[in-house]
Structure formats: structure tokens, C-alpha cells
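S.K.: Have a look at this one before I ask anything.
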Amino acid sequence: MRIDGYAPIEDYALIGDGRTAALVARDGAIDWLCLPNLDSPSVLAAILDATRGGTFELQPAIPFQSSRRYIPNTNVLETTFTTDRGSVRVVDAMTLPDRRLEAMREIVRSVEGLSGTVPMRWRFAPRFRYGAGTPRAEWRGGIPVATCGAEAVAVMSWDAGAPAWIDHTLEGRFEAGEGSCAMLALIGAYAEPLVFPQRAALAARLDGTIRFWQQWIDTRKYQGPWRDQVARSALVLKTLIFSPSGASVAAPTASLPEEIGGHRNWDYRFCWLRDSNFLIDALIELGCFDEALSSFWWFMHATALTEPDLHVLYRLDGGVGIPERELPLDGYRHSRPVRIGNSAVKQMQLDIYGALFETAWLYSEGHHALDRDTGVVLGRIADRVCDIWRCRDSGIWEVRNGPFHFTHSKVMCWVALDRAARLAGRGELPSRHLDRWTREAAAIQEYVETQCWSDRLRSYTRIAGSDDVDASLLMLPLVGYGTTTVERLHRTIDAVNRDLRHGDVVYRYHADDGVPGGEGCFLNCSFWLVAALAKVGRKDEAAALMERLVARANDVGLYSEEVDPHTGVFLGNFPQALVHLALIEAACALR
Amino acid sequence: MAAIPSSLAGGFIGTLVLITIIRAASEFGWTRMDLAFLLGSTVTVNRRKAKAIGYTFQFLLGLVFALLYGEFFEIIGRASWWLGALGGALHAVFVATVLVNVLLPVVHPRMGTPETAANEIALIEPPGFLMLNYGRNTFLITLLAHVAYGAIVGWAIRI
């Protein structure tokens with residue numbers, strides 16, 4: 001049920017082709033699509049402005065109910081509409097290229113009449129450049145085309161009525177009888193001519209796309225009680241990898257709010273080094289070595305301009321210029337401002353160094369020895385960690401009232417130097433500074449154990465010397481910290497349970513972070529709690545929580561960044577890679 | 001044909017300077033472009049071997065282009081450092097807009113293109129227009145290196 005024209009976030013499903021992605025609502029509307037790439041301006045953005053954003057609706061013209069699923073082990077969505085006059089199945093997919101001449105980007109919408117005769121309506125309202133670009137609505141040889149500068153889209157239709165442009169919006173109606181099959185295809189091009197594929201080619205590509213996803217998931221190696229959830233997460237993550245470069249976005253959306261009507265609305269269509277490293281770890285865990293290699297190469301290439309300093313996030317093309325600005329859009333359910341770009345790029349976050357070295361370690365453990373050039377670069381970065389670990393930073397949560405001495409950041413610096421020393425021991429990093437790395441790692445551990453532990457709280461603390469807890473501390477057992485102080489890990493998990501947990505979900509902290517407004521519980525933290533419990537041996541407790549968390553996914557197995565602990569509604573950008581990565585980590589920890 | 005020995009000599013020195021400029025720019029953190037790596041990784045995924053093979057490719061290409069410069073200068077009947085520099089500038093524009101931006105991703109088995117989708121895995125990001133994906137200064141460095149190359153080749157060629 002839409003409120004003011006906005007569907008609940010959990011009503012969306014993701015389709016994508018590794019270059020861009022779209023969100024399809026339960027009522028058959030595509031409300032988010034950026035072309036040609038994940039980080040390009042939107043053509044459809046009704047999710048951020050129901051009036052001006054642009055949408056592609058396809059649904060029965062009479063009251064209906066809908067149910068949906070992904071075709072098993074694919075990113076191809078199947079929605080079944082049931083009405084008083086019959087039922088219809090719509091299959092939505094962003095097709096993958098084959099050997100035929102294909103459009104630059106294409107979304108296929110196949111409509112199959114299942115029973116009775118259902119009147120259908122469709123409406124395509126392209127609104128380029130986040131709603132700011134006025135489209136020119138035209139016809140090319142009987143095909144409706146909308147253009148705006150170098151951008152162009154067209155809708156091709158077969159057995160789907162005779163569409164007409166009405167005030168820059170294309171509308172069509174048709175009847176889907178039992179056994180009938182109609183097809184619509186949204187074709188996109190940027191800075192090149194549109195390609196108009198034939199129906200048979202589109203149908204063949206749709207079949208090929210289904211086959212590809214099923215074959216890809218068949219080769220994943222996770223076997224365990226949460227296989228379906230891990231497979232869905234892997235499919236989401238694969239969709240969020242930008243195939244032309246190997247970079248991955250944190251989420252395909254921008255400015256979905258962390259609180260309805262709230263201020264915390266951020267653009268996640270960039271590659272966070274932290275997430276990228278978690279992704280490589282998960283890809284290795286799932287046996288996706290080619291994808292892991294691609295991401296690792298991108299990572300080393302992207303950081304070449306800035307090393308030994310690392311930026312928090314990078315554009316998908318490897319650049320670091322990501323100015324944050326606000327758009328004159330209404331915002332999801334009037335949550336303003338709508339931001340694109342992300343000023344967190346300017347922050348110093350020490351934990352990313354640990355994430356990098358953990359990845360390098362896992363990469364090496366996965367039988368990919370680091371080459372000498374990479375080892376030399378990592379050696380320089382390890383030296384840099386020795387220089388900067390005593391600095392304050394903005395931390396994993398990118399607080400805007402810092403910097404502070406975050407415990408999690410210090411521990412991740414320890415991870416960086418610990419892994420650097422281990423890699424040097426294997427001869428994969430130059431060893432001339434090994435003594436310094438070992439010495440500084442010990443100094444960090446000493447700092448954490450003396451300055452970041454609270455006897456009153458009986459827990460490690462959020463910040464050195466503070467008296468509050470933070471969900472990022474759940475990462476400590478996951479990165480192998482504190483093997484000699486396991487009791488402290490148990491007590492820290494207990495403190496998170498006591499102070500941050502609300503039912504089966506977890507707030508990240510309760511402290512002020514310099515941003516006005518509230519937020520929900522972070523689902524990645526909830527899965528980290530599962531993994532942390534499993535790592536310290538409390539597997540029954542972990543498995544019980546895991547069962548409850550997997551039930552919190554939407555009907556097609558996706559998670560947003562956060563959830564309102566009181567109502568269960570999704571909040572924040574959707575679907576979020578970090579949550580699906582944390583789910584995989586939790587499932588693997590429980591194996 | 002009389003210009004072949006001087007073209008090869010100029011091509012050798014010019015390529016040496018071109019490679020040095022690009023490598024130095026990379027070491028100073030001004031660009032992520034590494035032509036040797038891009039060329040060498042067409043035949044191997046071993047990064048170190050790729051660079052060694054790439055430098056060889058780069059020298060061969062430098063010599064081939066020097067012969068083309070020599071042929072051109074013979075046709076117009078004159079050669080000079082500034083004509084070579086002008087040719088180098090055009091050469092750089094061609095490299096940045098067509099040769100490396102469009103043609104290399106098409107023939108490179110491990111480089112992504114804007115069309116690379118989820119059913120393919122690219123190991124190397126595409127360079128983009130004017131190779132700007134490899135850093136904002138990349139085109140200026142490419143231009144500088146090719147102007148230097150062209151000027152040396154133009155100066156060395158004896159018709």
C-alpha cells in the first residue's frame with residue numbers, strides 16, 4: 001500500500017546487470033533506475049519524488065493483489081497479479097549481453113496471461129537527471145523515444161496496446177488473456193545511438209540471463225542451513241559489483257532515509273574501501289575467485305594515486321572527487337534533503353587500513369600469493385599505519401562531530417600490522433620494517449587493553465576513556481583480536497546485548513554523532529552479533545538469533561541498511577551490501 | 001627510406017623519455033596510468049611479468065611510430081623538432097581518445113568496457129575518455145610525454 005505515492009522500502013526488489021540496477025515495486029512500478037551506470041543520474045526516481053522523479057508502471061487496470069519471487073537462483077523477478085477477472089504474471093529482468101547486437105542497457109518486462117482476461121495498463125514517465133532534465137518525447141519509426149542531451153531511452157512493446165505520448169509520459173493499455181504473451185522493453189543509450197532489438201532477441205537474452213544466474217549460483221561453494229539466504233545475498237552482491245571496473249557500490253540507491261521524514265539521507269552509490277574488502281573476503285569464502293581477483297586488482301589500482309594514504313570511498317571509475325550536494329526533490333515520504341555525492345570522502349577513518357590488510361591476508365590464504373609490487377605498496381601502507389594509529393579519526397560510522405580515538409579503529413590498525421607481519425613472514429611483504437610493525441602492533445594492543453576497557457561497563461568502550469558501548473566492537477572477535485582476552489570479548493558482547501539490542505536487532509550506538517535526527521537498528525550489526533557469538537563459542541545463541549534475523553528479510557530475501565525496531569519497516573538505502581555481507585559472514589561463522 | 005636509421009635512433013631515445021615521464025608521473029602520484037602494465041597484461045595476469053613484457057611492447061611501438069613519423073617527414077620533405085612536437089601532440093590526442101580509450105579495451109582480454117556486464121569479469125578498469133579514469137592529470141601527462149617523444153624523433157630524423 002503506497003503512502004502519498006511512496007511504496008514501503010520493503011516492497012521493492014532489485015534487478016541488475018552488473019552495470020546498473022533498478023528497483024521494482026510490488027505493484028509493478030520501476031521507481032529507481034540510473035543510466036547508463038549505477039552512479040549515473042537517474043531516469044526513474046519516483047522513490048525520491050513521487051511526482052517529479054519518473055516511473056515505469058505496469059499493472060492491472062483494476063484492483064489487484066500481488067505476490068512475487070525471484071525465479072530460483074536468479075536476479076530475474078516474477079510478479080503474479082491476481083484480480084477478480086483473472087491473473088497475470090510479469091517477469092522483469094535487466095538482460096545480460098549475448099552475441100547479438102544488444103542495446104546499451106535494456107530491461108525486459110514480459111507479461112503472460114495465466115487465467116481469465118485482465119485489463120492491463122502501463123505508463124512510462126522518464127525524468128532525466130534526477131527529474132531536472134525535460135525529456136523530448138518523440139517517435140523513431142513508430143518507436144517512442146525520449147531524449148535529453150546525450151541520454152536517450154525508448155520503450156518497445158509487442159502485443160501491449162498502442163501507446164501514446166501524453167505530456168512527456170507514454171501510456172498504453174491492453175488485455176492479457178489466458179495464454180497470451182506481451183512484452184515491453186526499456187532501452188537505454190548514452191552518447192551513442194539507440195539500438196532497437198527484435199522481440200526474439202530479447203526473449204533469447206531473457207532466457208540466457210536466467211541461465212547465467214543459475215549457473216553462477218550453482219558454482220558457489222557454501223553448503224549449510226542458510227544456503228538460500230547466502231545464495232540470495234551472493235546474487236545481490238554480484239549485482240552491486242560494477243562489472244566494467246570491479247568496484248562495488250554500498251547500495252544502488254541514494255538518500256533513502258534512516259528515519260522517515262528525517263535528515264540522515266545519504267548517497268551510497270560509491271565504493272567504500274571497507275565494504276570492498278568485506279566483499280573480497282566474502283567472495284573468497286564463496287569460491288568466487290575471479291570476482292575476488294577483479295575486485296582486488298581494482299582496489300590496488302584505485303588506491304595507487306593516494307597510497308600510502310587511503311581514502312574512505314572512491315567513485316566507480318576510481319576517482320575521489322565526490323562533492324555532496326542537495327537535490328530539489330521531495331524525498332522518500334518527504335524525507336529531505338535528498339543528497340547525492342558523499343562528503344565522508346574527506347574523512348580520516350583508520351579502520352580501512354585493517355580491512356585492507358585482512359583482505360590481503362585472506363587473498364593470500366586463498367592461494368593467491370601477492371605479487372612483489374603489491375607487497376611493496378602494502379609495506380609502505382603498513383609503515384604509514386605505524387605513523388598514524390595514534391591519531392583521532394571519524395571511525396567506521398563516519399561521525400561528523402569527531403574525530404575521536406575509536407576503539408574499533410585502533411583494533412583495526414592492530415589488524416593491519418598483525419597481518420602485515422604475517423605476510424612479511426611468508427615473504428610476501430618486504431621484511432625490513434617487520435620489527436617496527438610487531439612493536440607498534442603490541443603498543444596498540446597495550447593501548448586498547450588499558451585505555452579502551454571500562455571496569456564499570458565491563459566492556460571495551462566506544463572511544464578510549466568513554467563509558468559507552470558500540471556495535472562495531474562486535475568486529476573484535478571476527479578479526480581475531482583478543483584471543484588472549486576471550487573473557488573481555490564475552491563481556492563486550494554481553495554489553496552490546498544489554499545496551500544496544502532491541503529484540504533481535506541492534507542499534508550501532510546511542511551517543512551523539514553530530515548529525516540531527518534519529519535512526520533505526522542496523523541490520524549489519526545484528527548479523528555481526530550472530531557472528532561474534534559464534535566466534536566465541538556461543539553457537540546455540542547465535543543460531544537462534546540468526547533464525548530470527550533471516551525472517552526479517554523482505555519477501556524476496558533482501559535487506560535495507562536499517563529496520564525500525566518497533567514497526568519492522570525498512571529504513572535507509574536498499575538493498576545494502578554491508579548487510580548481505582554480514583549475513584554471509586554470520587552464516588559462515590555458524591558452519 | 002633514407003630516414004630509417006635516424007628514425008629508429010630518435011624512436012629509441014624518444015620512447016625512453018616517454019616511458020620515463022609517465023613512470024615518474026605515476027611514482028609522484030599524478031596518474032594511475034601505466035602503459036607498460038596495460039600492454040603487458042594483454043598476455044599475462046602476472047603483474048610483474050606484465051610490466052616487463054609491456055615495456056618491450058612499448059619500445060617496439062615507439063620504434064614503429066618513429067618510422068611512421070620518418071615516412072611522413074620524407075613525404076613533406078622536411079623534419080624539425082617542432083614539427084615532431086606537433087605530431088606528438090596529435091599522437092597524444094589520438095592515443096587518449098581512440099587508441100587507448102576505445103581500441104585497447106576492445107582487444108584487451110582483461111580490460112572492462114562500458115558494455116562489460118555481470119556475465120563477464122574484467123580485471124582492469126577501462127581508461128575512459130581522455131583516460132581520465134586513471135586520474136585527472138592523465139591526459140596532460142600523456143600529452144607532455146608524447147610532445148617530448150615527437151620533438152626528439154623530429155629532431156633526430158635526417159632526410
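A note on labels: chains of the C-alpha cells are A, B, ... as shown, every chain counts residues from 1, and ligands are counted from 1 in their shown order.
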Quick one: residues within 12 Å of B:Phe72, only C-alpha atoms, excluding same-chain residues fewer than 6 positions away - as a ChimeraX atom specification?
M.R.: /B:1,3-4,7,65-66,78-80,83-84,87,153-154,157,159
S.K.: Can you build me a table of chain B residues sitting at most 9 Å from chain A, with the closest atom pair per residue and its distance in Å to one decimal, using only C-alpha atoms, sorted by chain and residue number, as JSON lines?
M.R.:
{"residue": "B:Ser26", "atom": "CA", "partner": "A:Leu305", "partner_atom": "CA", "distance": 7.8}
{"residue": "B:Glu27", "atom": "CA", "partner": "A:Leu305", "partner_atom": "CA", "distance": 8.7}
{"residue": "B:Phe28", "atom": "CA", "partner": "A:Leu305", "partner_atom": "CA", "distance": 8.4}
{"residue": "B:Gly29", "atom": "CA", "partner": "A:Leu305", "partner_atom": "CA", "distance": 4.7}
{"residue": "B:Trp30", "atom": "CA", "partner": "A:Leu305", "partner_atom": "CA", "distance": 6.6}
{"residue": "B:Thr31", "atom": "CA", "partner": "A:Leu305", "partner_atom": "CA", "distance": 6.4}
{"residue": "B:Arg32", "atom": "CA", "partner": "A:Leu305", "partner_atom": "CA", "distance": 6.0}
{"residue": "B:Asn46", "atom": "CA", "partner": "A:Asp371", "partner_atom": "CA", "distance": 7.6}
{"residue": "B:Arg47", "atom": "CA", "partner": "A:Asp371", "partner_atom": "CA", "distance": 6.9}
{"residue": "B:Arg48", "atom": "CA", "partner": "A:Asp373", "partner_atom": "CA", "distance": 7.1}
{"residue": "B:Met111", "atom": "CA", "partner": "A:Pro244", "partner_atom": "CA", "distance": 7.8}
{"residue": "B:Gly112", "atom": "CA", "partner": "A:Pro244", "partner_atom": "CA", "distance": 4.3}
{"residue": "B:Thr113", "atom": "CA", "partner": "A:Pro244", "partner_atom": "CA", "distance": 5.4}
{"residue": "B:Pro114", "atom": "CA", "partner": "A:Pro244", "partner_atom": "CA", "distance": 5.8}
{"residue": "B:Glu115", "atom": "CA", "partner": "A:Met104", "partner_atom": "CA", "distance": 6.8}
{"residue": "B:Thr116", "atom": "CA", "partner": "A:Pro244", "partner_atom": "CA", "distance": 5.0}
{"residue": "B:Ala117", "atom": "CA", "partner": "A:Gly18", "partner_atom": "CA", "distance": 5.0}
{"residue": "B:Ala118", "atom": "CA", "partner": "A:Gly18", "partner_atom": "CA", "distance": 4.4}
{"residue": "B:Asn119", "atom": "CA", "partner": "A:Leu96", "partner_atom": "CA", "distance": 6.8}
{"residue": "B:Glu120", "atom": "CA", "partner": "A:Ser243", "partner_atom": "CA", "distance": 7.2}
{"residue": "B:Ile121", "atom": "CA", "partner": "A:Ser243", "partner_atom": "CA", "distance": 6.4}
{"residue": "B:Ala122", "atom": "CA", "partner": "A:Pro244", "partner_atom": "CA", "distance": 6.1}
{"residue": "B:Leu123", "atom": "CA", "partner": "A:Ser294", "partner_atom": "CA", "distance": 4.4}
{"residue": "B:Ile124", "atom": "CA", "partner": "A:Ser245", "partner_atom": "CA", "distance": 6.2}
{"residue": "B:Glu125", "atom": "CA", "partner": "A:Ser245", "partner_atom": "CA", "distance": 4.0}
{"residue": "B:Pro126", "atom": "CA", "partner": "A:Ser245", "partner_atom": "CA", "distance": 6.7}
{"residue": "B:Pro127", "atom": "CA", "partner": "A:Asp317", "partner_atom": "CA", "distance": 8.6}
{"residue": "B:Gly128", "atom": "CA", "partner": "A:Asp317", "partner_atom": "CA", "distance": 8.4}
{"residue": "B:Leu132", "atom": "CA", "partner": "A:Gly319", "partner_atom": "CA", "distance": 8.7}
{"residue": "B:Asn133", "atom": "CA", "partner": "A:Asp317", "partner_atom": "CA", "distance": 5.4}
{"residue": "B:Tyr134", "atom": "CA", "partner": "A:Gly318", "partner_atom": "CA", "distance": 7.2}
{"residue": "B:Gly135", "atom": "CA", "partner": "A:Gly319", "partner_atom": "CA", "distance": 6.6}
{"residue": "B:Arg136", "atom": "CA", "partner": "A:Gly319", "partner_atom": "CA", "distance": 8.2}
S.K.: Do you know which residues are at most 9 Å from A:Pro337 counting only C-alpha atoms, after dropping those on the same chain fewer than 2 positions away, and could you put them as a VMD selection string?
M.R.: chain A and resid 255 262 to 265 326 to 331 334 to 335 339
S.K.: Could you pull the residues within 12 Å of stretch 163-179 of chain A, counting only C-alpha atoms, minus those fewer than 5 positions along the same chain, as an mmCIF file with N, CA and C atoms, in the first residue's frame?
M.R.:
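Full text of part-v7.cif as output:
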data_model
loop_
_atom_site.group_PDB
_atom_site.id
_atom_site.type_symbol
_atom_site.label_atom_id
_atom_site.label_comp_id
_atom_site.auth_asym_id
_atom_site.auth_seq_id
_atom_site.Cartn_x
_atom_site.Cartn_y
_atom_site.Cartn_z
ATOM 1 N N ARG A 52 7.735 14.110 -9.446
ATOM 2 C CA ARG A 52 8.676 14.554 -10.476
ATOM 3 C C ARG A 52 9.768 13.549 -10.803
ATOM 4 N N GLY A 54 9.874 10.295 -11.923
ATOM 5 C CA GLY A 54 9.846 9.410 -13.084
ATOM 6 C C GLY A 54 9.616 7.965 -12.674
ATOM 7 N N THR A 55 8.796 7.257 -13.448
ATOM 8 C CA THR A 55 8.466 5.874 -13.110
ATOM 9 C C THR A 55 8.079 5.108 -14.370
ATOM 10 N N PHE A 56 8.079 3.782 -14.270
ATOM 11 C CA PHE A 56 7.611 2.918 -15.347
ATOM 12 C C PHE A 56 6.657 1.909 -14.713
ATOM 13 N N GLU A 57 5.350 2.230 -14.773
ATOM 14 C CA GLU A 57 4.349 1.377 -14.137
ATOM 15 C C GLU A 57 3.851 0.329 -15.124
ATOM 16 N N LEU A 58 3.567 -0.856 -14.605
ATOM 17 C CA LEU A 58 2.952 -1.923 -15.396
ATOM 18 C C LEU A 58 2.137 -2.766 -14.422
ATOM 19 N N GLN A 59 0.818 -2.689 -14.545
ATOM 20 C CA GLN A 59 -0.027 -3.364 -13.564
ATOM 21 C C GLN A 59 -1.445 -3.521 -14.122
ATOM 22 N N PRO A 60 -2.274 -4.358 -13.484
ATOM 23 C CA PRO A 60 -3.674 -4.445 -13.903
ATOM 24 C C PRO A 60 -4.364 -3.094 -13.731
ATOM 25 N N ALA A 61 -5.305 -2.821 -14.619
ATOM 26 C CA ALA A 61 -6.043 -1.553 -14.548
ATOM 27 C C ALA A 61 -7.214 -1.644 -13.579
ATOM 28 N N ILE A 62 -7.365 -2.759 -12.921
ATOM 29 C CA ILE A 62 -8.432 -2.956 -11.938
ATOM 30 C C ILE A 62 -7.784 -3.387 -10.624
ATOM 31 N N PHE A 81 0.030 -11.021 -10.535
ATOM 32 C CA PHE A 81 -1.079 -10.156 -10.154
ATOM 33 C C PHE A 81 -2.366 -10.976 -10.230
ATOM 34 N N THR A 83 -6.524 -10.775 -9.929
ATOM 35 C CA THR A 83 -7.668 -9.864 -9.922
ATOM 36 C C THR A 83 -8.956 -10.695 -9.959
ATOM 37 N N ARG A 85 -10.867 -10.746 -12.338
ATOM 38 C CA ARG A 85 -11.096 -11.186 -13.719
ATOM 39 C C ARG A 85 -9.995 -12.103 -14.248
ATOM 40 N N GLY A 86 -9.116 -12.493 -13.391
ATOM 41 C CA GLY A 86 -8.068 -13.407 -13.831
ATOM 42 C C GLY A 86 -6.714 -13.036 -13.236
ATOM 43 N N SER A 87 -5.681 -13.723 -13.680
ATOM 44 C CA SER A 87 -4.338 -13.440 -13.148
ATOM 45 C C SER A 87 -3.312 -13.339 -14.273
ATOM 46 N N VAL A 88 -2.257 -12.631 -13.954
ATOM 47 C CA VAL A 88 -1.217 -12.295 -14.933
ATOM 48 C C VAL A 88 0.134 -12.417 -14.260
ATOM 49 N N ARG A 89 1.131 -12.888 -15.005
ATOM 50 C CA ARG A 89 2.478 -12.957 -14.456
ATOM 51 C C ARG A 89 3.390 -12.015 -15.250
ATOM 52 N N VAL A 90 4.135 -11.185 -14.530
ATOM 53 C CA VAL A 90 5.092 -10.272 -15.164
ATOM 54 C C VAL A 90 6.502 -10.691 -14.755
ATOM 55 N N SER A 110 8.150 -9.001 -19.423
ATOM 56 C CA SER A 110 7.357 -9.978 -20.162
ATOM 57 C C SER A 110 6.051 -10.229 -19.404
ATOM 58 N N VAL A 111 4.933 -10.154 -20.103
ATOM 59 C CA VAL A 111 3.621 -10.267 -19.468
ATOM 60 C C VAL A 111 2.909 -11.508 -20.004
ATOM 61 N N GLU A 112 2.577 -12.421 -19.101
ATOM 62 C CA GLU A 112 1.959 -13.678 -19.506
ATOM 63 C C GLU A 112 0.585 -13.798 -18.846
ATOM 64 N N GLY A 113 -0.465 -13.984 -19.654
ATOM 65 C CA GLY A 113 -1.799 -14.185 -19.101
ATOM 66 C C GLY A 113 -1.924 -15.593 -18.551
ATOM 67 N N LEU A 114 -2.299 -15.719 -17.282
ATOM 68 C CA LEU A 114 -2.394 -17.046 -16.658
ATOM 69 C C LEU A 114 -3.821 -17.581 -16.668
ATOM 70 N N SER A 115 -4.779 -16.678 -16.405
ATOM 71 C CA SER A 115 -6.185 -17.113 -16.393
ATOM 72 C C SER A 115 -7.071 -15.899 -16.640
ATOM 73 N N GLY A 116 -8.263 -16.143 -17.151
ATOM 74 C CA GLY A 116 -9.211 -15.065 -17.394
ATOM 75 C C GLY A 116 -8.667 -14.049 -18.383
ATOM 76 N N THR A 117 -9.229 -12.859 -18.335
ATOM 77 C CA THR A 117 -8.754 -11.754 -19.172
ATOM 78 C C THR A 117 -8.589 -10.524 -18.278
ATOM 79 N N VAL A 118 -7.358 -10.065 -18.163
ATOM 80 C CA VAL A 118 -7.045 -8.986 -17.225
ATOM 81 C C VAL A 118 -6.711 -7.712 -18.004
ATOM 82 N N PRO A 119 -7.455 -6.632 -17.773
ATOM 83 C CA PRO A 119 -7.065 -5.361 -18.404
ATOM 84 C C PRO A 119 -5.789 -4.829 -17.758
ATOM 85 N N MET A 120 -4.804 -4.508 -18.577
ATOM 86 C CA MET A 120 -3.507 -4.028 -18.062
ATOM 87 C C MET A 120 -3.280 -2.592 -18.500
ATOM 88 N N ARG A 121 -2.561 -1.849 -17.696
ATOM 89 C CA ARG A 121 -2.157 -0.502 -18.076
ATOM 90 C C ARG A 121 -0.670 -0.329 -17.818
ATOM 91 N N TRP A 122 -0.047 0.448 -18.651
ATOM 92 C CA TRP A 122 1.352 0.786 -18.385
ATOM 93 C C TRP A 122 1.591 2.262 -18.664
ATOM 94 N N ARG A 123 2.551 2.786 -17.964
ATOM 95 C CA ARG A 123 2.799 4.227 -18.007
ATOM 96 C C ARG A 123 4.292 4.449 -17.793
ATOM 97 N N PHE A 124 4.898 5.089 -18.768
ATOM 98 C CA PHE A 124 6.345 5.327 -18.703
ATOM 99 C C PHE A 124 6.595 6.832 -18.669
ATOM 100 N N ALA A 125 7.134 7.306 -17.545
ATOM 101 C CA ALA A 125 7.381 8.747 -17.384
ATOM 102 C C ALA A 125 8.863 8.961 -17.121
ATOM 103 N N PRO A 126 9.673 9.072 -18.171
ATOM 104 C CA PRO A 126 11.111 9.291 -17.941
ATOM 105 C C PRO A 126 11.356 10.728 -17.499
ATOM 106 N N ARG A 127 12.171 10.884 -16.482
ATOM 107 C CA ARG A 127 12.527 12.224 -15.984
ATOM 108 C C ARG A 127 14.035 12.225 -15.742
ATOM 109 N N PHE A 128 14.767 12.682 -16.746
ATOM 110 C CA PHE A 128 16.229 12.575 -16.726
ATOM 111 C C PHE A 128 16.843 13.454 -15.624
ATOM 112 N N GLY A 133 15.896 17.226 -15.864
ATOM 113 C CA GLY A 133 16.003 17.322 -17.327
ATOM 114 C C GLY A 133 14.658 17.102 -18.002
ATOM 115 N N THR A 134 14.247 18.045 -18.803
ATOM 116 C CA THR A 134 12.969 17.880 -19.514
ATOM 117 C C THR A 134 13.180 16.977 -20.722
ATOM 118 N N PRO A 135 12.430 15.881 -20.813
ATOM 119 C CA PRO A 135 12.627 14.983 -21.954
ATOM 120 C C PRO A 135 11.978 15.524 -23.221
ATOM 121 N N ARG A 136 12.596 15.204 -24.336
ATOM 122 C CA ARG A 136 11.925 15.437 -25.627
ATOM 123 C C ARG A 136 11.256 14.130 -25.999
ATOM 124 N N ALA A 137 9.943 14.148 -26.068
ATOM 125 C CA ALA A 137 9.189 12.932 -26.374
ATOM 126 C C ALA A 137 8.936 12.873 -27.873
ATOM 127 N N GLU A 138 9.434 11.820 -28.521
ATOM 128 C CA GLU A 138 9.375 11.747 -29.983
ATOM 129 C C GLU A 138 9.057 10.316 -30.423
ATOM 130 N N TRP A 139 9.019 10.139 -31.715
ATOM 131 C CA TRP A 139 8.854 8.808 -32.305
ATOM 132 C C TRP A 139 9.967 8.581 -33.310
ATOM 133 N N GLY A 142 7.998 4.701 -35.507
ATOM 134 C CA GLY A 142 6.932 4.052 -34.751
ATOM 135 C C GLY A 142 7.325 3.647 -33.342
ATOM 136 N N ILE A 143 8.562 3.932 -32.942
ATOM 137 C CA ILE A 143 9.006 3.577 -31.584
ATOM 138 C C ILE A 143 9.094 4.861 -30.750
ATOM 139 N N PRO A 144 8.453 4.880 -29.575
ATOM 140 C CA PRO A 144 8.518 6.079 -28.737
ATOM 141 C C PRO A 144 9.895 6.233 -28.091
ATOM 142 N N VAL A 145 10.446 7.419 -28.217
ATOM 143 C CA VAL A 145 11.800 7.692 -27.734
ATOM 144 C C VAL A 145 11.764 8.983 -26.915
ATOM 145 N N ALA A 146 12.483 8.993 -25.801
ATOM 146 C CA ALA A 146 12.643 10.223 -25.023
ATOM 147 C C ALA A 146 14.129 10.522 -24.930
ATOM 148 N N THR A 147 14.492 11.768 -25.182
ATOM 149 C CA THR A 147 15.904 12.133 -25.148
ATOM 150 C C THR A 147 16.108 13.368 -24.279
ATOM 151 N N CYS A 148 17.348 13.482 -23.794
ATOM 152 C CA CYS A 148 17.732 14.656 -23.016
ATOM 153 C C CYS A 148 19.249 14.738 -23.112
ATOM 154 N N VAL A 153 16.199 7.145 -24.080
ATOM 155 C CA VAL A 153 15.527 5.893 -23.720
ATOM 156 C C VAL A 153 14.370 5.682 -24.690
ATOM 157 N N ALA A 154 14.011 4.427 -24.870
ATOM 158 C CA ALA A 154 12.873 4.088 -25.724
ATOM 159 C C ALA A 154 12.135 2.935 -25.069
ATOM 160 N N VAL A 155 10.853 2.850 -25.357
ATOM 161 C CA VAL A 155 10.092 1.682 -24.901
ATOM 162 C C VAL A 155 9.551 0.967 -26.124
ATOM 163 N N MET A 156 9.962 -0.272 -26.292
ATOM 164 C CA MET A 156 9.435 -1.089 -27.383
ATOM 165 C C MET A 156 8.365 -2.004 -26.797
ATOM 166 N N SER A 157 7.313 -2.222 -27.530
ATOM 167 C CA SER A 157 6.235 -3.060 -26.994
ATOM 168 C C SER A 157 5.679 -3.964 -28.085
ATOM 169 N N TRP A 158 5.279 -5.144 -27.664
ATOM 170 C CA TRP A 158 4.662 -6.128 -28.553
ATOM 171 C C TRP A 158 3.408 -6.670 -27.876
ATOM 172 N N LEU A 184 7.300 -5.786 -23.092
ATOM 173 C CA LEU A 184 7.767 -4.402 -23.157
ATOM 174 C C LEU A 184 9.269 -4.420 -22.898
ATOM 175 N N LEU A 186 12.465 -1.641 -22.069
ATOM 176 C CA LEU A 186 13.022 -0.292 -21.883
ATOM 177 C C LEU A 186 14.464 -0.321 -22.365
#
S.K.: Please provide as number ranges by chain all residues within 12 Å of A:Gly518, with the sequence filter that same-chain residues fewer than 5 positions apart are discarded (counting only C-alpha atoms).
M.R.: A: 257-265, 507-513, 562, 564, 571-572
S.K.: Excluding stretch 221-223 of chain A and residues on its chain fewer than 5 positions from it, collect all residues at most 9 Å away from it, counting only C-alpha atoms, and give them as a ChimeraX atom specification.
M.R.: /A:230-231,285-288,588,591
S.K.: Generate the output file for the selected residues, C-alpha atoms, as a short mmCIF file (atom, residue, chain, number, x, y, z; two decimals), in the first residue's frame.
M.R.:
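New file part-v8.cif:
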data_model
loop_
_atom_site.label_atom_id
_atom_site.label_comp_id
_atom_site.auth_asym_id
_atom_site.auth_seq_id
_atom_site.Cartn_x
_atom_site.Cartn_y
_atom_site.Cartn_z
CA VAL A 230 23.53 -16.92 1.38
CA ALA A 231 22.73 -17.54 -2.30
CA GLU A 285 34.67 -17.54 1.15
CA LEU A 286 32.06 -18.37 -1.51
CA GLY A 287 34.64 -19.54 -4.03
CA CYS A 288 34.22 -16.58 -6.40
CA CYS A 588 29.95 -18.94 7.56
CA ARG A 591 29.04 -23.59 9.77
#
S.K.: Can you list, as a list in words, every residue of stretch 79-119 of chain B that DSSP puts in alpha helix (DSSP H)?
M.R.: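 Filtering stretch 79-119 of chain B to alpha helix (DSSP H) leaves Trp81, Trp82, Leu83, Gly84, Ala85, Leu86, Gly87, Gly88, Ala89, Leu90, His91, Ala92, Val93, Phe94, Leu104, Pro105, Val106 and Val107 of chain B.
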S.K.: Excluding same-chain residues fewer than 2 positions from B:Ala96, what lies within 7 Å of it counting only C-alpha atoms, as a ChimeraX atom specification?
M.R.: /B:92-94,98-101,129-131,139
S.K.: From a DSSP pass on the backbone, collect the residues of stretch 217-397 of chain A flagged as strand (DSSP E) and hand them back as a ChimeraX atom specification.
M.R.: /A:241-242,247-248,271-272,313-314,325-327,338-340
S.K.: Could you check how far atom CA of A:Ile3 sits from atom CA of A:Ile47, in Å to one decimal?
M.R.: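 That distance, rounded to one decimal, is 11.5 Å.
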S.K.: Tell me, in Å to one decimal, how far atom CA of A:Arg426 is from atom CA of B:Val45.
M.R.: 21.5 Å
